[in-house]
file start27.txt (compact mmCIF, C-alpha atoms)
# COMPACT_ATOMS: atom_id res chain seq x y z
CA MET A 74 112.34 142.29 -85.39
CA ALA A 75 109.25 143.74 -83.73
CA THR A 76 108.27 143.56 -80.07
CA SER A 77 104.65 143.26 -79.00
CA GLY A 78 104.48 146.59 -77.21
CA VAL A 79 102.34 144.84 -74.57
CA THR A 80 103.40 145.04 -70.90
CA THR A 81 100.27 143.83 -69.11
CA PHE A 82 101.17 140.20 -68.38
CA SER A 83 99.37 138.83 -65.34
CA MET A 84 98.16 135.48 -63.99
CA THR A 85 94.87 134.69 -62.32
CA SER A 86 94.42 132.86 -59.05
CA ASP A 87 93.54 129.60 -60.82
CA GLN A 88 96.53 129.93 -63.14
CA LEU A 89 98.90 130.46 -60.21
CA VAL A 90 97.58 127.41 -58.39
CA LYS A 91 97.90 125.32 -61.56
CA ALA A 92 101.47 126.55 -62.17
CA ALA A 93 102.46 125.72 -58.58
CA MET A 94 101.01 122.21 -58.85
CA LYS A 95 102.94 121.60 -62.05
CA LYS A 96 106.17 122.47 -60.21
CA ILE A 97 105.58 119.56 -57.84
CA ALA A 98 104.40 117.19 -60.59
CA VAL A 99 100.82 116.99 -59.32
CA LEU A 100 99.66 117.97 -62.80
CA GLY A 101 101.01 116.93 -66.17
CA ASP A 102 100.82 118.59 -69.56
CA GLY A 103 97.27 119.56 -70.44
CA GLN A 104 95.89 118.64 -67.00
CA SER A 105 93.93 121.01 -64.78
CA PRO A 106 93.35 121.01 -61.01
CA SER A 107 90.12 119.55 -59.66
CA ALA A 108 87.63 121.87 -57.94
CA THR A 109 88.86 120.64 -54.55
CA GLN A 110 92.49 121.20 -55.50
CA LEU A 111 91.69 124.73 -56.66
CA THR A 112 89.88 125.51 -53.40
CA ASP A 113 92.70 124.13 -51.25
CA GLY A 114 95.35 125.77 -53.42
CA THR A 115 93.64 129.16 -53.25
CA GLN A 116 93.44 128.93 -49.46
CA ALA A 117 97.16 128.19 -49.32
CA LEU A 118 97.82 131.05 -51.75
CA ASN A 119 95.91 133.57 -49.63
CA ALA A 120 97.61 132.37 -46.44
CA MET A 121 101.00 132.83 -48.10
CA LEU A 122 100.16 136.33 -49.33
CA LYS A 123 99.17 137.31 -45.79
CA THR A 124 102.55 136.04 -44.59
CA PHE A 125 104.28 138.19 -47.20
CA THR A 126 103.06 141.29 -45.32
CA VAL A 127 105.87 140.74 -42.78
CA LYS A 128 108.50 141.20 -45.51
CA GLY A 129 108.46 145.00 -45.33
CA MET A 130 106.57 147.94 -46.79
CA PRO A 131 106.47 147.51 -50.59
CA LEU A 132 105.98 150.62 -52.68
CA TRP A 133 102.82 149.54 -54.47
CA VAL A 134 100.75 149.18 -51.29
CA MET A 135 101.76 152.48 -49.70
CA SER A 136 98.62 154.62 -49.69
CA GLU A 137 97.26 157.90 -48.40
CA TYR A 138 93.96 158.56 -46.69
CA THR A 139 92.67 162.02 -45.80
CA MET A 140 90.00 162.47 -43.15
CA PRO A 141 88.40 165.27 -41.14
CA MET A 142 89.11 165.45 -37.43
CA THR A 143 86.66 165.43 -34.54
CA ALA A 144 87.01 166.31 -30.89
CA THR A 145 88.38 162.89 -30.05
CA ARG A 146 91.81 161.51 -29.34
CA VAL A 147 91.39 157.98 -30.75
CA TYR A 148 90.17 157.12 -34.28
CA THR A 149 89.20 153.51 -35.07
CA MET A 150 89.76 152.34 -38.66
CA GLY A 151 88.75 149.25 -40.55
CA VAL A 152 86.00 147.78 -42.71
CA GLY A 153 82.66 148.66 -41.12
CA GLN A 154 84.17 151.34 -38.87
CA SER A 155 83.48 155.07 -39.08
CA ILE A 156 86.83 155.39 -40.89
CA ASN A 157 86.35 152.50 -43.25
CA PRO A 158 89.32 151.65 -45.47
CA PRO A 159 90.89 148.29 -44.56
CA ALA A 160 92.86 148.83 -41.37
CA PRO A 161 96.46 149.93 -42.09
CA LEU A 162 99.18 147.43 -41.27
CA LYS A 163 101.57 150.26 -40.45
CA VAL A 164 101.29 154.04 -40.45
CA THR A 165 104.54 155.69 -41.54
CA GLN A 166 103.51 159.36 -41.48
CA VAL A 167 100.63 161.57 -40.39
CA LEU A 168 100.26 165.05 -41.88
CA LEU A 169 98.17 167.95 -40.60
CA LYS A 170 97.06 170.00 -43.62
CA ASP A 171 95.21 173.20 -44.40
CA SER A 172 94.73 174.96 -47.73
CA THR A 173 98.34 176.17 -47.93
CA ASN A 174 100.54 174.26 -45.48
CA GLN A 175 101.19 170.84 -44.01
CA VAL A 176 102.96 169.72 -40.84
CA SER A 177 104.26 166.22 -40.13
CA LEU A 178 103.26 164.89 -36.72
CA ASP A 179 105.79 163.18 -34.48
CA GLY A 180 105.33 159.41 -34.64
CA ARG A 181 105.77 157.66 -31.28
CA THR A 182 105.88 154.15 -29.92
CA HIS A 183 103.16 153.04 -27.51
CA TYR A 184 105.57 153.47 -24.60
CA ASP A 185 106.67 156.98 -25.63
CA TYR A 186 103.09 158.03 -26.32
CA ASN A 187 102.15 157.06 -22.77
CA LEU A 188 104.89 159.38 -21.47
CA LEU A 189 103.16 162.45 -22.91
CA SER A 190 101.50 164.84 -20.47
CA SER A 191 97.81 164.96 -19.60
CA ILE A 192 95.63 162.94 -21.97
CA SER A 193 92.95 165.58 -21.51
CA ALA A 194 95.09 168.23 -23.23
CA VAL A 195 93.37 170.01 -26.16
CA GLY A 196 95.05 171.87 -29.03
CA GLN A 197 96.64 171.28 -32.41
CA PRO A 198 97.93 167.67 -32.51
CA THR A 199 101.71 167.28 -32.56
CA SER A 200 102.14 163.53 -31.97
CA TYR A 201 100.52 160.25 -32.96
CA PHE A 202 100.70 156.57 -32.17
CA TYR A 203 99.20 153.82 -34.35
CA GLU A 204 97.87 150.66 -32.72
CA PRO A 205 97.35 147.77 -35.20
CA LEU A 206 94.75 145.27 -34.00
CA ASN A 207 92.93 142.30 -35.52
CA GLN A 208 91.02 143.66 -38.55
CA VAL A 209 90.97 147.19 -37.09
CA GLY A 210 93.51 149.83 -36.15
CA LYS A 211 93.48 152.77 -33.78
CA LEU A 212 95.15 156.10 -34.49
CA HIS A 213 95.90 158.00 -31.28
CA LEU A 214 96.51 161.77 -31.48
CA TRP A 215 97.98 164.10 -28.89
CA PRO A 216 96.69 166.54 -27.90
CA THR A 217 93.00 166.12 -28.73
CA PRO A 218 92.12 168.43 -31.68
CA ASP A 219 90.61 171.75 -30.66
CA THR A 220 87.76 173.52 -32.46
CA THR A 221 90.09 175.70 -34.58
CA THR A 222 92.07 172.68 -35.79
CA ILE A 223 88.89 170.75 -36.54
CA ALA A 224 87.49 173.63 -38.58
CA ASP A 225 90.63 174.53 -40.51
CA LYS A 226 92.65 171.34 -41.01
CA THR A 227 92.47 167.75 -42.18
CA LEU A 228 94.56 164.72 -41.31
CA THR A 229 96.36 162.64 -43.96
CA MET A 230 97.82 159.23 -43.15
CA VAL A 231 100.55 157.58 -45.19
CA TYR A 232 100.24 153.87 -44.53
CA GLN A 233 100.81 150.31 -45.67
CA ARG A 234 97.51 148.74 -46.72
CA PRO A 235 96.87 144.98 -46.69
CA PHE A 236 97.33 142.96 -49.87
CA HIS A 237 94.07 142.18 -51.65
CA ASP A 238 92.72 138.64 -51.24
CA MET A 239 92.31 136.22 -54.13
CA VAL A 240 88.56 135.66 -53.94
CA SER A 241 87.61 134.53 -57.44
CA GLY A 242 89.48 132.19 -59.75
CA VAL A 243 89.93 135.05 -62.23
CA ASP A 244 91.33 137.52 -59.69
CA THR A 245 94.86 138.69 -60.48
CA LEU A 246 97.70 139.31 -58.07
CA ASP A 247 97.84 142.52 -56.07
CA PHE A 248 101.59 142.40 -56.80
CA PRO A 249 103.80 143.74 -59.59
CA GLN A 250 104.68 141.40 -62.45
CA HIS A 251 108.14 140.57 -61.12
CA TRP A 252 106.48 138.77 -58.18
CA HIS A 253 104.88 135.98 -60.21
CA GLU A 254 107.76 133.50 -59.92
CA ALA A 255 108.13 134.18 -56.19
CA VAL A 256 104.43 133.45 -55.71
CA ILE A 257 104.43 130.30 -57.88
CA TYR A 258 107.51 128.75 -56.27
CA GLY A 259 106.47 129.82 -52.79
CA LEU A 260 103.05 128.24 -53.23
CA ALA A 261 104.56 125.09 -54.72
CA TRP A 262 106.77 124.68 -51.67
CA ARG A 263 103.81 125.17 -49.33
CA LEU A 264 101.81 122.50 -51.17
CA CYS A 265 104.58 119.90 -50.97
CA GLY A 266 103.38 118.38 -47.72
CA ASP A 267 99.81 118.00 -48.97
CA PHE A 268 100.93 115.93 -51.95
CA GLY A 269 103.68 113.83 -50.39
CA VAL A 270 106.62 115.35 -52.22
CA PRO A 271 109.87 113.67 -51.05
CA LEU A 272 111.92 115.60 -48.50
CA ALA A 273 114.93 115.97 -50.82
CA ASP A 274 112.74 117.58 -53.48
CA ARG A 275 111.14 119.84 -50.88
CA LYS A 276 114.58 121.08 -49.85
CA THR A 277 115.49 121.96 -53.43
CA LEU A 278 112.16 123.69 -53.98
CA ALA A 279 112.59 125.65 -50.73
CA GLN A 280 115.89 126.99 -52.01
CA GLU A 281 114.35 127.98 -55.33
CA ALA A 282 111.40 129.64 -53.59
CA GLU A 283 113.75 131.64 -51.37
CA TYR A 284 115.82 132.72 -54.37
CA PHE A 285 112.81 134.09 -56.26
CA LEU A 286 111.45 135.72 -53.08
CA GLN A 287 114.70 137.59 -52.48
CA GLU A 288 114.83 138.64 -56.13
CA ALA A 289 111.33 140.11 -55.86
CA LEU A 290 112.04 141.80 -52.53
CA SER A 291 115.16 143.48 -53.89
CA PHE A 292 113.06 145.68 -56.19
CA GLY A 293 110.24 146.69 -53.86
CA THR A 294 111.64 149.40 -51.62
CA GLU A 295 111.87 153.14 -52.06
CA ASP A 296 115.14 154.75 -53.14
CA GLY A 297 116.36 157.40 -50.75
CA SER A 298 118.96 158.41 -48.21
CA LEU A 299 119.10 157.51 -44.54
CA PHE A 300 120.25 160.12 -42.04
CA LEU A 301 120.99 159.31 -38.39
CA ALA A 302 121.22 161.94 -35.69
CA PRO A 303 121.14 161.91 -31.86
CA ASN A 304 117.92 162.85 -30.13
CA TRP A 305 119.17 165.81 -28.11
CA GLY A 306 115.70 166.37 -26.68
CA GLY A 307 115.71 162.96 -24.97

call {"tool": "encode", "arguments": {"input": "start27.txt", "output": "structure tokens"}}
result
Amino acid sequence: MATSGVTTFSMTSDQLVKAAMKKIAVLGDGQSPSATQLTDGTQALNAMLKTFTVKGMPLWVMSEYTMPMTATRVYTMGVGQSINPPAPLKVTQVLLKDSTNQVSLDGRTHYDYNLLSSISAVGQPTSYFYEPLNQVGKLHLWPTPDTTTIADKTLTMVYQRPFHDMVSGVDTLDFPQHWHEAVIYGLAWRLCGDFGVPLADRKTLAQEAEYFLQEALSFGTEDGSLFLAPNWGG
């Protein structure tokens, strides 16, 4: 018995929409969605993928971005901004690096950041706060980088990037392979109302969609240990 040796299975946007519609009996064997159905299905698919961002910080979208510093305290990020990757959803770590060493900055909440001393302070940054906004994000440093820091060091963010949109019918998922069933069943459930699926069938499909979602989520987090300790510094 020989296996294929192939591990690259993936489904396109159009294929996912078609598979979801077959789950709710909108399409039969050999049938394909109309152009309108594909457009509406793709919109529902993209809306669902955006909702999936609230499910945590999956490993495959954790990214790093290194940038030079300037004599400013607030850095605006987003498409079309001076720092132009898509705005991070969350920033989990900020590192100050030179040619031989790196230091992790202290991440703070908005409230705790506002408790820091004079905002006009200048020196090597020790703390940061990330402010996610609509389509942009703002990284706040404290204190404002001084000339020595600007000349000698760079800043590296570790962050959760947004999932890629499904723009073309041949685009593939920005998700690992084990997410395909979760996406198909989740999309099928979301399309139920548009196609008049009976409530009893919707309930069953909702349970199936939740099952596959939890299965996918169970394999998307980083292995590691959690250590808790009191904050003796207040």

call {"tool": "closest_residue", "arguments": {"input": "start27.txt", "among": "A:Leu278, A:Val270, A:Val167, A:Leu178", "to": "A:Ala98", "atoms": "all atoms listed in the file"}}
result
A:Val270

call {"tool": "residues_around", "arguments": {"input": "start27.txt", "residues": "stretch 74-87 of chain A", "least_positions_apart": "5", "cutoff": "6 Å", "atoms": "only C-alpha atoms", "output": "list in words"}}
result
Gly242, Val243, Asp244 and Thr245 of chain A

call {"tool": "residues_around", "arguments": {"input": "start27.txt", "residues": "A:Thr112", "least_positions_apart": "3", "cutoff": "12 Å", "atoms": "only C-alpha atoms", "output": "compact mmCIF listing (two decimals) with C-alpha atoms, in the coordinates of the input"}}
result
# COMPACT_ATOMS: atom_id res chain seq x y z
CA SER A 86 94.42 132.86 -59.05
CA ASP A 87 93.54 129.60 -60.82
CA VAL A 90 97.58 127.41 -58.39
CA LYS A 91 97.90 125.32 -61.56
CA PRO A 106 93.35 121.01 -61.01
CA SER A 107 90.12 119.55 -59.66
CA ALA A 108 87.63 121.87 -57.94
CA THR A 109 88.86 120.64 -54.55
CA THR A 115 93.64 129.16 -53.25
CA GLN A 116 93.44 128.93 -49.46
CA ALA A 117 97.16 128.19 -49.32
CA LEU A 118 97.82 131.05 -51.75
CA ASN A 119 95.91 133.57 -49.63
CA MET A 239 92.31 136.22 -54.13
CA VAL A 240 88.56 135.66 -53.94
CA SER A 241 87.61 134.53 -57.44
CA GLY A 242 89.48 132.19 -59.75

call {"tool": "residues_around", "arguments": {"input": "start27.txt", "residues": "A:Pro249", "least_positions_apart": "3", "cutoff": "12 Å", "atoms": "only C-alpha atoms", "output": "list in words"}}
result
Thr80, Thr81, Phe82, Ser83, Met84, Pro131, Leu132, Trp133, Val134, Phe236, Thr245, Leu246, Trp252, His253, Glu254, Ala255, Val256, Ala289, Leu290, Phe292 and Gly293 of chain A

call {"tool": "residues_around", "arguments": {"input": "start27.txt", "residues": "A:Ser172", "least_positions_apart": "6", "cutoff": "10 Å", "atoms": "all atoms listed in the file", "output": "NGL selection string"}}
result
:A and (225-227)

call {"tool": "closest_residue", "arguments": {"input": "start27.txt", "among": "A:Gln88, A:Gln110, A:Thr165, A:Gln250", "to": "A:Gln233", "atoms": "all atoms listed in the file"}}
result
A:Thr165

call {"tool": "residues_near_point", "arguments": {"input": "start27.txt", "point": "(92.3, 166.3, -40.4)", "cutoff": "9 Å", "atoms": "only C-alpha atoms", "output": "PyMOL selection string"}}
result
chain A and resi 139-143+168-171+218+222-229

call {"tool": "write_last_selection", "arguments": {"input": "start27.txt", "atoms": "C-alpha atoms", "output": "PDB file, in the coordinates of the input"}}
result
ATOM      1  CA  THR A 139      92.670 162.020 -45.800  1.00  0.00           C
ATOM      2  CA  MET A 140      90.000 162.470 -43.150  1.00  0.00           C
ATOM      3  CA  PRO A 141      88.400 165.270 -41.140  1.00  0.00           C
ATOM      4  CA  MET A 142      89.110 165.450 -37.430  1.00  0.00           C
ATOM      5  CA  THR A 143      86.660 165.430 -34.540  1.00  0.00           C
ATOM      6  CA  LEU A 168     100.260 165.050 -41.880  1.00  0.00           C
ATOM      7  CA  LEU A 169      98.170 167.950 -40.600  1.00  0.00           C
ATOM      8  CA  LYS A 170      97.060 170.000 -43.620  1.00  0.00           C
ATOM      9  CA  ASP A 171      95.210 173.200 -44.400  1.00  0.00           C
ATOM     10  CA  PRO A 218      92.120 168.430 -31.680  1.00  0.00           C
ATOM     11  CA  THR A 222      92.070 172.680 -35.790  1.00  0.00           C
ATOM     12  CA  ILE A 223      88.890 170.750 -36.540  1.00  0.00           C
ATOM     13  CA  ALA A 224      87.490 173.630 -38.580  1.00  0.00           C
ATOM     14  CA  ASP A 225      90.630 174.530 -40.510  1.00  0.00           C
ATOM     15  CA  LYS A 226      92.650 171.340 -41.010  1.00  0.00           C
ATOM     16  CA  THR A 227      92.470 167.750 -42.180  1.00  0.00           C
ATOM     17  CA  LEU A 228      94.560 164.720 -41.310  1.00  0.00           C
ATOM     18  CA  THR A 229      96.360 162.640 -43.960  1.00  0.00           C
TER      19      THR A 229
END

call {"tool": "residues_around", "arguments": {"input": "start27.txt", "residues": "A:Gln166", "least_positions_apart": "6", "cutoff": "9 Å", "atoms": "only C-alpha atoms", "output": "PyMOL selection string"}}
result
chain A and resi 177-180+229-232

call {"tool": "closest_residue", "arguments": {"input": "start27.txt", "among": "A:Asp102, A:Glu204, A:Glu288, A:Asp238", "to": "A:Thr182", "atoms": "all atoms listed in the file"}}
result
A:Glu204

call {"tool": "atom_distance", "arguments": {"input": "start27.txt", "atom1": "atom CA of A:Leu212", "atom2": "atom CA of A:Tyr148"}}
result
5.1 Å
